[in-house]
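First comes the structure, then the notes that go with it.
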Amino acid sequence: MASKKYIELQEFTDPELMDELNQTEVQYQKMTFDHAIKGLDNPILLKEVRRDIARLKTEVRRRELAKLSPEEMTSRSKIRSRRKRH
């Protein structure tokens with residue numbers, strides 16, 4: 001079952017999604033710095049922000065793959081099959 005955050009991400013446009021990704025990465029950097037210097041009240045927030053970044057990157061990649069032409073998908077499949085053999 002899809003989480004609410006995943007459903008929200010699907011409603012974003014491409015520029016909004018990239019903007020959200022950049023903002024979330026900056027927020028994560030600030031949080032890690034603050035945690036190293038003085039500690040956070042709730043360090044579990046770091047894990048949640050990391051997961052949000054992963055969700056955003058996954059949605060960006062899903063959209064990139066959806067835009068590929070059939071020829072590009074075919075060549076991508078060949079590359080992936082070669083990787084599996086090794």
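Here's how to read the names in the structure tokens: chain A, B, ... by the order shown, residue numbers from 1 in each chain, ligand numbers from 1 in the order shown.
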Could you pull out the helix (DSSP H, G or I) residues of chain A from DSSP and send them as a ChimeraX atom specification? /A:4-11,14-37,44-67,70-85
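Residues with any atom within 12 Å of Lys5 in chain A, counting only C-alpha atoms and excluding same-chain neighbours fewer than 5 positions away, are Gln10, Glu11, Phe12, Glu48, Val49, Arg51, Asp52, Ile53, Ala54, Arg55, Leu56 and Glu59 of chain A.
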Any idea what's packed within 9 Å of Arg50 in chain A, counting only C-alpha atoms, ignoring anything in its chain fewer than 5 positions away? Could you give it as a list in words? Thr24, Glu25, Tyr28, Leu45 and Arg55 of chain A
Please produce a file of the residues just selected, as a PDB file, in the first residue's frame, where the atoms kept are C-alpha atoms.
ATOM      1  CA  THR A  24      15.156  18.435   1.812  1.00  0.00           C
ATOM      2  CA  GLU A  25      18.859  17.774   1.176  1.00  0.00           C
ATOM      3  CA  TYR A  28      19.290  17.173   6.136  1.00  0.00           C
ATOM      4  CA  LEU A  45      14.221  12.797  12.522  1.00  0.00           C
ATOM      5  CA  ARG A  55      11.449   8.778  -1.832  1.00  0.00           C
TER       6      ARG A  55
END
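For the residues A:Asn22, A:Phe33, A:Arg63, A:Ser81, ranking by smallest atom-to-atom distance to Leu46 in chain A using only C-alpha atoms places A:Phe33 first.
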Hey, can you check how far CA of Glu16 in chain A sits from CA of Glu71 in chain A?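 That distance, rounded to one decimal, is 28.6 Å.
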Surrounding residues of Glu64 in chain A excluding itself and chain neighbours under 6 positions, 12 Å, only C-alpha atoms, as a ChimeraX atom specification: /A:14,57-58,72-73
